[in-house]
Amino acid sequence: MYNDIFRPHRKPDSVQKKSSGITVIPNVASNPSIGSQIGIKAVAGRKLGNDPNTLLSVAATSASITTKGIIYFYVNHNVYTPGNKYNFQGNLVVAKTVTPDYGLGIGRGSDESVDDHILTNPERKARALHSVYFNLREKVYKQIDTNLFLGAGLSFDVRKSIEDNKSVGPTPYSIYNDRHGFSQDSYSANGFLFNLQYTTRDNQNRAYKGVYIDAGIRINQSWIGSSKNSMQFTTDFRKYFSLSEDHPEHVIAFWNWGSYLLSGNVPYLELPGTAKDGSFRSGRGYTTGYFKGTKYDYSEVEYRFPILRNKFLSGVAFFNLQTSNDENGTNLFQVWQPGGGAGLRVLFNKATRTNLCLDYAYGKYGAKGFFLGLNEAF
């Protein structure tokens, strides 16, 4: 808006040969996962080299502190080398966290025993787990055909000084650890990653068309420091339909993300669940980890539409469904929990389609919250 008024003759944005610059904003938010938050966030995007078919490379970083005592710093990247010969994806997280815990499963309780009732937590009683968290993940993909990549990498997830000090008696966390042989105060989940990716998205930040598919195996091994051995299968599918040739910003977007334990044992706080996808954006309407299990599946549909003709403001409306098992008789796809809401988008850079996302979402059990982010949830 400022540029349109005060710089009407500026050169148009380009991502072909120069950096888009770094977009920096205050990181202010309030939702059930974190309380109220203040910090700073930055994103950048650039096409590397001169090949017009090279996909956009993006990176982001953030540092913040919240009223729930969470201190969080991360850096992540998704970089495509010229001609898409290689794709590097990774992140670094260092944090002092307070993780909300609502038990195992999808909200359907079990009364087989007192411990089973506590573990499945049908009342959705909120607990909090304090810890120090470190994550380092890096994957390298090699293009093996047009839009098709084969990748491998490593992931290290380490938690120390885990405390459940405000709870009296057994908790879902302590019961799960006793049953699966994990320490109560620390763990490591270190493993190898093997992935196959296919992408035809026209933009990494806000796609108007195309598809993104990623399927992978994670193998945690004790000989590289993992507390337990395990094998997980993960899938990530995203499809974008533009509804207008004249106004391609009218988009129906679909997302499915799933993670399924094939063998072994995964630490309680590393179980797949709400907002436990790679970008922590799934399940808007619920706090992180509100639903979780050894097997978890998530689907979302979102309608994206422009509000102003110059695309400075646009809006979204979304609806999602989650399902999980609980190891106490409830199987995957047996119970579904809905969520949904609407949001506003503020365009920061037309060339890279970088935007500020402000969403308000609702779920069941009184769950609701305001969610702020840079770039689309998917």
# chains A, B, ... in the order shown; residues from 1 in each chain; ligands from 1
call {"tool": "closest_atom_pairs", "arguments": {"of": "stretch 105-162 of chain A", "to": "stretch 73-81 of chain A", "cutoff": "12 Å", "atoms": "only C-alpha atoms", "output": "tab-separated table"}}
result
residue	atom	partner	partner_atom	distance
A:Val132	CA	A:Phe73	CA	11.9
A:Tyr133	CA	A:Phe73	CA	10.4
A:Phe134	CA	A:Tyr74	CA	9.9
A:Asn135	CA	A:Tyr74	CA	9.2
A:Leu136	CA	A:Val75	CA	9.9
A:Arg137	CA	A:Asn76	CA	9.2
A:Glu138	CA	A:His77	CA	9.4
A:Lys139	CA	A:Asn78	CA	9.6
A:Val140	CA	A:Val79	CA	9.7
A:Tyr141	CA	A:Tyr80	CA	9.2
A:Lys142	CA	A:Tyr80	CA	10.0
A:Gln143	CA	A:Tyr80	CA	10.1
A:Asn147	CA	A:Tyr80	CA	11.5
A:Phe149	CA	A:Tyr80	CA	11.1
call {"tool": "residues_around", "arguments": {"residues": "A:Ser299", "least_positions_apart": "6", "cutoff": "10 Å", "atoms": "only C-alpha atoms", "output": "PyMOL selection string"}}
result
chain A and resi 237-238+254-258+282-283+319-323+338
call {"tool": "write_last_selection", "arguments": {"atoms": "N, CA, C and O atoms", "output": "compact mmCIF listing (two decimals), in the first residue's frame"}}
result
# COMPACT_ATOMS: atom_id res chain seq x y z
N PHE A 237 0.34 -35.12 1.60
CA PHE A 237 -0.27 -34.90 0.29
C PHE A 237 -0.98 -33.55 0.27
O PHE A 237 -1.79 -33.26 1.16
N ARG A 238 -0.69 -32.71 -0.75
CA ARG A 238 -1.31 -31.39 -0.87
C ARG A 238 -1.69 -31.17 -2.34
O ARG A 238 -0.87 -31.40 -3.23
N PHE A 254 -6.30 -28.64 -0.62
CA PHE A 254 -6.55 -29.84 0.18
C PHE A 254 -5.23 -30.38 0.74
O PHE A 254 -4.22 -30.40 0.04
N TRP A 255 -5.27 -30.85 2.00
CA TRP A 255 -4.07 -31.35 2.67
C TRP A 255 -4.40 -32.60 3.47
O TRP A 255 -5.40 -32.62 4.20
N ASN A 256 -3.58 -33.62 3.32
CA ASN A 256 -3.65 -34.80 4.19
C ASN A 256 -2.26 -35.12 4.69
O ASN A 256 -1.30 -35.20 3.90
N TRP A 257 -2.14 -35.27 6.01
CA TRP A 257 -0.85 -35.62 6.62
C TRP A 257 -1.08 -36.77 7.59
O TRP A 257 -2.05 -36.77 8.36
N GLY A 258 -0.19 -37.76 7.54
CA GLY A 258 -0.34 -38.90 8.43
C GLY A 258 0.99 -39.47 8.87
O GLY A 258 2.00 -39.33 8.18
N SER A 282 -0.82 -27.83 11.49
CA SER A 282 -2.05 -28.61 11.39
C SER A 282 -2.92 -28.43 12.64
O SER A 282 -2.44 -28.07 13.71
N GLY A 283 -4.21 -28.71 12.47
CA GLY A 283 -5.12 -28.72 13.61
C GLY A 283 -5.45 -27.37 14.19
O GLY A 283 -5.66 -27.26 15.41
N PHE A 319 -11.62 -26.01 7.13
CA PHE A 319 -12.26 -27.05 7.95
C PHE A 319 -11.32 -28.25 7.98
O PHE A 319 -10.74 -28.63 6.97
N ASN A 320 -11.14 -28.85 9.17
CA ASN A 320 -10.23 -29.99 9.29
C ASN A 320 -10.83 -31.11 10.12
O ASN A 320 -11.76 -30.91 10.91
N LEU A 321 -10.29 -32.32 9.94
CA LEU A 321 -10.67 -33.51 10.68
C LEU A 321 -9.42 -34.25 11.12
O LEU A 321 -8.46 -34.37 10.36
N GLN A 322 -9.44 -34.77 12.37
CA GLN A 322 -8.32 -35.54 12.90
C GLN A 322 -8.83 -36.89 13.40
O GLN A 322 -9.94 -37.00 13.91
N THR A 323 -7.98 -37.90 13.28
CA THR A 323 -8.30 -39.21 13.84
C THR A 323 -7.01 -39.86 14.34
O THR A 323 -5.92 -39.60 13.81
N PRO A 338 -13.50 -32.64 14.63
CA PRO A 338 -13.49 -31.54 13.67
C PRO A 338 -12.90 -30.26 14.24
O PRO A 338 -12.81 -30.07 15.45
call {"tool": "residues_around", "arguments": {"residues": "A:Ile70", "least_positions_apart": "6", "cutoff": "9 Å", "atoms": "only C-alpha atoms", "output": "list in words"}}
result
Ile34, Gln37, Ser64, Ala95, Lys96, Thr97, Val98 and Thr99 of chain A
call {"tool": "closest_atom_pairs", "arguments": {"of": "stretch 108-149 of chain A", "to": "stretch 171-190 of chain A", "cutoff": "12 Å", "atoms": "only C-alpha atoms", "output": "JSON lines"}}
result
{"residue": "A:Ser113", "atom": "CA", "partner": "A:Ile175", "partner_atom": "CA", "distance": 11.8}
{"residue": "A:Val114", "atom": "CA", "partner": "A:Ile175", "partner_atom": "CA", "distance": 10.6}
{"residue": "A:Asp115", "atom": "CA", "partner": "A:Ile175", "partner_atom": "CA", "distance": 6.9}
{"residue": "A:Asp116", "atom": "CA", "partner": "A:Ile175", "partner_atom": "CA", "distance": 8.6}
{"residue": "A:His117", "atom": "CA", "partner": "A:Pro172", "partner_atom": "CA", "distance": 9.1}
{"residue": "A:Ile118", "atom": "CA", "partner": "A:Pro172", "partner_atom": "CA", "distance": 5.9}
{"residue": "A:Leu119", "atom": "CA", "partner": "A:Pro172", "partner_atom": "CA", "distance": 4.2}
{"residue": "A:Thr120", "atom": "CA", "partner": "A:Pro172", "partner_atom": "CA", "distance": 7.4}
{"residue": "A:Asn121", "atom": "CA", "partner": "A:Pro172", "partner_atom": "CA", "distance": 7.8}
{"residue": "A:Pro122", "atom": "CA", "partner": "A:Pro172", "partner_atom": "CA", "distance": 11.6}
{"residue": "A:Arg124", "atom": "CA", "partner": "A:Pro172", "partner_atom": "CA", "distance": 11.3}
{"residue": "A:Lys125", "atom": "CA", "partner": "A:Thr171", "partner_atom": "CA", "distance": 10.5}
{"residue": "A:Ala126", "atom": "CA", "partner": "A:Thr171", "partner_atom": "CA", "distance": 10.7}
{"residue": "A:Arg127", "atom": "CA", "partner": "A:Thr171", "partner_atom": "CA", "distance": 8.5}
{"residue": "A:Ala128", "atom": "CA", "partner": "A:Tyr173", "partner_atom": "CA", "distance": 10.0}
{"residue": "A:Leu129", "atom": "CA", "partner": "A:Tyr173", "partner_atom": "CA", "distance": 8.6}
{"residue": "A:His130", "atom": "CA", "partner": "A:Asp185", "partner_atom": "CA", "distance": 10.0}
{"residue": "A:Ser131", "atom": "CA", "partner": "A:Ser186", "partner_atom": "CA", "distance": 8.6}
{"residue": "A:Val132", "atom": "CA", "partner": "A:Ser186", "partner_atom": "CA", "distance": 9.3}
{"residue": "A:Tyr133", "atom": "CA", "partner": "A:Ser186", "partner_atom": "CA", "distance": 9.9}
{"residue": "A:Phe134", "atom": "CA", "partner": "A:Ser188", "partner_atom": "CA", "distance": 9.6}
{"residue": "A:Asn135", "atom": "CA", "partner": "A:Asn190", "partner_atom": "CA", "distance": 9.6}
{"residue": "A:Leu136", "atom": "CA", "partner": "A:Asn190", "partner_atom": "CA", "distance": 9.6}
{"residue": "A:Arg137", "atom": "CA", "partner": "A:Asn190", "partner_atom": "CA", "distance": 9.7}
call {"tool": "closest_atom_pairs", "arguments": {"of": "stretch 72-169 of chain A", "to": "stretch 194-197 of chain A", "cutoff": "8 Å", "atoms": "only C-alpha atoms", "output": "JSON lines"}}
result
{"residue": "A:Leu148", "atom": "CA", "partner": "A:Gln197", "partner_atom": "CA", "distance": 5.8}
{"residue": "A:Phe149", "atom": "CA", "partner": "A:Gln197", "partner_atom": "CA", "distance": 5.0}
{"residue": "A:Leu150", "atom": "CA", "partner": "A:Leu196", "partner_atom": "CA", "distance": 4.8}
{"residue": "A:Gly151", "atom": "CA", "partner": "A:Asn195", "partner_atom": "CA", "distance": 4.9}
{"residue": "A:Ala152", "atom": "CA", "partner": "A:Phe194", "partner_atom": "CA", "distance": 4.4}
{"residue": "A:Gly153", "atom": "CA", "partner": "A:Phe194", "partner_atom": "CA", "distance": 6.6}
call {"tool": "select_by_dssp", "arguments": {"residues": "stretch 83-314 of chain A", "states": "alpha helix (DSSP H)", "output": "short mmCIF file (atom, residue, chain, number, x, y, z; two decimals) with all heavy atoms, in the first residue's frame"}}
result
data_model
loop_
_atom_site.label_atom_id
_atom_site.label_comp_id
_atom_site.auth_asym_id
_atom_site.auth_seq_id
_atom_site.Cartn_x
_atom_site.Cartn_y
_atom_site.Cartn_z
N VAL A 114 -8.10 -47.84 35.98
CA VAL A 114 -7.92 -46.44 36.37
C VAL A 114 -6.85 -45.80 35.51
O VAL A 114 -7.01 -44.66 35.04
CB VAL A 114 -7.54 -46.34 37.87
CG1 VAL A 114 -7.19 -44.89 38.23
CG2 VAL A 114 -8.69 -46.84 38.74
N ASP A 115 -5.74 -46.52 35.28
CA ASP A 115 -4.67 -45.97 34.45
C ASP A 115 -5.12 -45.74 33.01
O ASP A 115 -4.75 -44.74 32.39
CB ASP A 115 -3.46 -46.91 34.46
CG ASP A 115 -2.63 -46.77 35.73
OD1 ASP A 115 -2.96 -45.89 36.55
OD2 ASP A 115 -1.67 -47.55 35.90
N ASP A 116 -5.95 -46.65 32.47
CA ASP A 116 -6.45 -46.47 31.11
C ASP A 116 -7.32 -45.22 31.01
O ASP A 116 -7.28 -44.49 30.01
CB ASP A 116 -7.25 -47.69 30.66
CG ASP A 116 -6.36 -48.88 30.35
OD1 ASP A 116 -5.18 -48.66 30.06
OD2 ASP A 116 -6.86 -50.03 30.41
N HIS A 117 -8.13 -44.97 32.03
CA HIS A 117 -8.98 -43.77 32.03
C HIS A 117 -8.13 -42.51 32.07
O HIS A 117 -8.39 -41.55 31.34
CB HIS A 117 -9.92 -43.80 33.24
CG HIS A 117 -10.92 -42.69 33.23
ND1 HIS A 117 -12.16 -42.79 32.64
CD2 HIS A 117 -10.85 -41.43 33.75
CE1 HIS A 117 -12.81 -41.65 32.78
NE2 HIS A 117 -12.04 -40.81 33.46
N ILE A 118 -7.09 -42.50 32.91
CA ILE A 118 -6.20 -41.35 32.99
C ILE A 118 -5.46 -41.15 31.67
O ILE A 118 -5.34 -40.02 31.16
CB ILE A 118 -5.19 -41.52 34.14
CG1 ILE A 118 -5.92 -41.51 35.49
CG2 ILE A 118 -4.13 -40.41 34.11
CD1 ILE A 118 -5.02 -41.88 36.66
N LEU A 119 -5.00 -42.24 31.08
CA LEU A 119 -4.22 -42.17 29.85
C LEU A 119 -5.04 -41.61 28.69
O LEU A 119 -4.56 -40.76 27.93
CB LEU A 119 -3.68 -43.55 29.49
CG LEU A 119 -2.80 -43.65 28.24
CD1 LEU A 119 -1.52 -42.85 28.41
CD2 LEU A 119 -2.46 -45.12 27.95
N THR A 120 -6.29 -42.06 28.53
CA THR A 120 -7.12 -41.60 27.42
C THR A 120 -7.82 -40.27 27.71
O THR A 120 -8.27 -39.60 26.79
CB THR A 120 -8.17 -42.66 27.06
OG1 THR A 120 -8.92 -43.01 28.24
CG2 THR A 120 -7.48 -43.92 26.52
N PRO A 172 -1.01 -39.19 32.16
CA PRO A 172 -0.84 -39.88 30.88
C PRO A 172 0.62 -40.08 30.51
O PRO A 172 1.01 -41.15 30.02
CB PRO A 172 -1.57 -38.96 29.89
CG PRO A 172 -2.60 -38.28 30.71
CD PRO A 172 -1.97 -38.07 32.05
N TYR A 173 1.43 -39.05 30.77
CA TYR A 173 2.86 -39.12 30.44
C TYR A 173 3.56 -40.22 31.23
O TYR A 173 4.29 -41.04 30.66
CB TYR A 173 3.50 -37.76 30.73
CG TYR A 173 5.00 -37.73 30.57
CD1 TYR A 173 5.59 -37.73 29.32
CD2 TYR A 173 5.83 -37.70 31.70
CE1 TYR A 173 6.97 -37.71 29.18
CE2 TYR A 173 7.21 -37.66 31.57
CZ TYR A 173 7.78 -37.67 30.30
OH TYR A 173 9.14 -37.65 30.18
N SER A 174 3.34 -40.27 32.54
CA SER A 174 4.03 -41.27 33.37
C SER A 174 3.53 -42.68 33.08
O SER A 174 4.32 -43.64 33.07
CB SER A 174 3.85 -40.94 34.86
OG SER A 174 2.50 -41.05 35.26
N ILE A 175 2.23 -42.83 32.82
CA ILE A 175 1.68 -44.16 32.52
C ILE A 175 2.25 -44.67 31.20
O ILE A 175 2.65 -45.85 31.09
CB ILE A 175 0.14 -44.09 32.47
CG1 ILE A 175 -0.41 -43.79 33.86
CG2 ILE A 175 -0.44 -45.40 31.93
CD1 ILE A 175 -1.88 -43.44 33.88
N TYR A 176 2.27 -43.83 30.17
CA TYR A 176 2.82 -44.24 28.88
C TYR A 176 4.29 -44.64 29.02
O TYR A 176 4.72 -45.67 28.47
CB TYR A 176 2.68 -43.10 27.88
CG TYR A 176 3.20 -43.43 26.49
CD1 TYR A 176 2.35 -43.98 25.53
CD2 TYR A 176 4.53 -43.21 26.14
CE1 TYR A 176 2.83 -44.30 24.25
CE2 TYR A 176 5.01 -43.52 24.87
CZ TYR A 176 4.16 -44.07 23.93
OH TYR A 176 4.64 -44.38 22.69
N ASN A 177 5.07 -43.86 29.75
CA ASN A 177 6.50 -44.18 29.92
C ASN A 177 6.70 -45.51 30.63
O ASN A 177 7.58 -46.30 30.26
CB ASN A 177 7.19 -43.06 30.71
CG ASN A 177 7.38 -41.81 29.89
OD1 ASN A 177 7.37 -41.84 28.67
ND2 ASN A 177 7.55 -40.68 30.56
N ASP A 178 5.90 -45.78 31.67
CA ASP A 178 6.03 -47.04 32.40
C ASP A 178 5.69 -48.22 31.49
O ASP A 178 6.35 -49.27 31.54
CB ASP A 178 5.08 -47.04 33.61
CG ASP A 178 5.58 -46.13 34.73
OD1 ASP A 178 6.79 -45.79 34.72
OD2 ASP A 178 4.77 -45.74 35.58
N ARG A 179 4.68 -48.06 30.65
CA ARG A 179 4.25 -49.16 29.79
C ARG A 179 5.23 -49.42 28.64
O ARG A 179 5.34 -50.55 28.16
CB ARG A 179 2.86 -48.87 29.22
CG ARG A 179 1.76 -48.93 30.27
CD ARG A 179 0.39 -48.70 29.65
NE ARG A 179 -0.66 -48.83 30.66
CZ ARG A 179 -1.97 -48.73 30.40
NH1 ARG A 179 -2.38 -48.52 29.15
NH2 ARG A 179 -2.85 -48.87 31.38
N HIS A 180 5.93 -48.36 28.18
CA HIS A 180 6.79 -48.50 27.01
C HIS A 180 8.29 -48.44 27.35
O HIS A 180 9.12 -48.48 26.44
CB HIS A 180 6.45 -47.43 25.98
CG HIS A 180 5.09 -47.62 25.37
ND1 HIS A 180 4.87 -48.38 24.24
CD2 HIS A 180 3.87 -47.17 25.75
CE1 HIS A 180 3.59 -48.37 23.95
NE2 HIS A 180 2.96 -47.65 24.84
#
call {"tool": "closest_residue", "arguments": {"among": "A:Phe333, A:Val58, A:Ser259, A:Ile71", "to": "A:Phe88", "atoms": "only C-alpha atoms"}}
result
A:Val58
call {"tool": "residues_around", "arguments": {"residues": "stretch 225-230 of chain A", "least_positions_apart": "3", "cutoff": "12 Å", "atoms": "only C-alpha atoms", "output": "ChimeraX atom specification"}}
result
/A:154-159,177,180-184,186-192,217-222,233,260-268,270-271,294
call {"tool": "closest_residue", "arguments": {"among": "A:Lys160, A:Lys47, A:Lys364, A:Arg304", "to": "A:Ala342", "atoms": "only C-alpha atoms"}}
result
A:Arg304
call {"tool": "closest_residue", "arguments": {"among": "A:Asn328, A:Thr274, A:Thr66, A:Thr352", "to": "A:Tyr102", "atoms": "only C-alpha atoms"}}
result
A:Thr274
call {"tool": "select_by_dssp", "arguments": {"residues": "stretch 12-141 of chain A", "states": "strand (DSSP E)", "output": "ChimeraX atom specification"}}
result
/A:22-26,29-31,35-46,57-66,71-80,86-101,127-141
call {"tool": "atom_distance", "arguments": {"atom1": "atom CA of A:Ile106", "atom2": "atom CA of A:Val335"}}
result
6.8 Å
call {"tool": "residues_around", "arguments": {"residues": "A:Ala317", "least_positions_apart": "6", "cutoff": "10 Å", "atoms": "only C-alpha atoms", "output": "VMD selection string"}}
result
chain A and resid 252 301 to 305 340 to 344 359 to 361
call {"tool": "residues_around", "arguments": {"residues": "A:Tyr365", "least_positions_apart": "2", "cutoff": "10 Å", "atoms": "only C-alpha atoms", "output": "JSON, numbers by chain"}}
result
{"A": [107, 123, 124, 286, 362, 363, 367, 368]}
call {"tool": "decode", "arguments": {"residues": "stretch 88-156 of chain A", "atoms": "C-alpha atoms", "output": "mmCIF file, in the first residue's frame"}}
result
data_model
loop_
_atom_site.group_PDB
_atom_site.id
_atom_site.type_symbol
_atom_site.label_atom_id
_atom_site.label_comp_id
_atom_site.auth_asym_id
_atom_site.auth_seq_id
_atom_site.Cartn_x
_atom_site.Cartn_y
_atom_site.Cartn_z
ATOM 1 C CA PHE A 88 17.824 -29.337 0.930
ATOM 2 C CA GLN A 89 15.221 -29.332 3.725
ATOM 3 C CA GLY A 90 16.050 -28.884 7.366
ATOM 4 C CA ASN A 91 15.550 -27.089 10.652
ATOM 5 C CA LEU A 92 17.190 -26.303 13.961
ATOM 6 C CA VAL A 93 15.132 -25.786 17.137
ATOM 7 C CA VAL A 94 16.366 -24.821 20.598
ATOM 8 C CA ALA A 95 13.678 -24.213 23.187
ATOM 9 C CA LYS A 96 12.581 -24.138 26.789
ATOM 10 C CA THR A 97 9.049 -25.404 26.446
ATOM 11 C CA VAL A 98 5.831 -25.943 28.345
ATOM 12 C CA THR A 99 4.003 -28.629 26.388
ATOM 13 C CA PRO A 100 0.247 -28.961 26.962
ATOM 14 C CA ASP A 101 -0.897 -32.549 27.432
ATOM 15 C CA TYR A 102 -4.421 -33.912 26.993
ATOM 16 C CA GLY A 103 -3.644 -37.616 27.047
ATOM 17 C CA LEU A 104 -3.404 -40.313 24.416
ATOM 18 C CA GLY A 105 -5.918 -40.824 21.639
ATOM 19 C CA ILE A 106 -8.765 -38.914 20.057
ATOM 20 C CA GLY A 107 -10.928 -38.069 23.090
ATOM 21 C CA ARG A 108 -12.700 -41.399 23.483
ATOM 22 C CA GLY A 109 -12.060 -42.658 27.009
ATOM 23 C CA SER A 110 -11.330 -46.170 28.225
ATOM 24 C CA ASP A 111 -12.457 -47.518 31.614
ATOM 25 C CA GLU A 112 -10.647 -50.861 31.452
ATOM 26 C CA SER A 113 -8.596 -49.640 34.439
ATOM 27 C CA VAL A 114 -7.916 -46.442 36.375
ATOM 28 C CA ASP A 115 -4.666 -45.969 34.448
ATOM 29 C CA ASP A 116 -6.453 -46.466 31.109
ATOM 30 C CA HIS A 117 -8.981 -43.774 32.031
ATOM 31 C CA ILE A 118 -6.200 -41.346 32.993
ATOM 32 C CA LEU A 119 -4.218 -42.167 29.847
ATOM 33 C CA THR A 120 -7.119 -41.598 27.417
ATOM 34 C CA ASN A 121 -8.385 -38.565 29.404
ATOM 35 C CA PRO A 122 -12.004 -38.339 28.122
ATOM 36 C CA GLU A 123 -12.591 -35.226 30.269
ATOM 37 C CA ARG A 124 -9.822 -33.474 28.288
ATOM 38 C CA LYS A 125 -8.182 -32.379 31.549
ATOM 39 C CA ALA A 126 -5.229 -30.103 30.741
ATOM 40 C CA ARG A 127 -1.778 -30.866 32.082
ATOM 41 C CA ALA A 128 1.602 -29.264 31.311
ATOM 42 C CA LEU A 129 5.039 -30.806 30.767
ATOM 43 C CA HIS A 130 8.096 -28.573 31.210
ATOM 44 C CA SER A 131 11.290 -29.477 29.331
ATOM 45 C CA VAL A 132 14.344 -28.296 27.418
ATOM 46 C CA TYR A 133 14.110 -29.316 23.771
ATOM 47 C CA PHE A 134 16.669 -29.621 20.968
ATOM 48 C CA ASN A 135 15.956 -30.691 17.394
ATOM 49 C CA LEU A 136 18.273 -30.909 14.399
ATOM 50 C CA ARG A 137 16.940 -32.280 11.116
ATOM 51 C CA GLU A 138 18.385 -32.267 7.605
ATOM 52 C CA LYS A 139 17.262 -34.047 4.446
ATOM 53 C CA VAL A 140 18.884 -33.961 1.014
ATOM 54 C CA TYR A 141 16.803 -34.768 -2.065
ATOM 55 C CA LYS A 142 18.236 -35.652 -5.479
ATOM 56 C CA GLN A 143 16.101 -35.082 -8.565
ATOM 57 C CA ILE A 144 15.733 -38.435 -10.348
ATOM 58 C CA ASP A 145 13.093 -37.363 -12.887
ATOM 59 C CA THR A 146 11.045 -34.270 -13.712
ATOM 60 C CA ASN A 147 9.538 -33.050 -10.406
ATOM 61 C CA LEU A 148 10.508 -36.330 -8.688
ATOM 62 C CA PHE A 149 13.082 -36.404 -5.862
ATOM 63 C CA LEU A 150 14.653 -39.157 -3.768
ATOM 64 C CA GLY A 151 15.906 -38.082 -0.339
ATOM 65 C CA ALA A 152 17.696 -39.190 2.811
ATOM 66 C CA GLY A 153 18.701 -37.524 6.043
ATOM 67 C CA LEU A 154 18.985 -37.555 9.823
ATOM 68 C CA SER A 155 16.851 -36.232 12.666
ATOM 69 C CA PHE A 156 17.855 -35.764 16.308
#
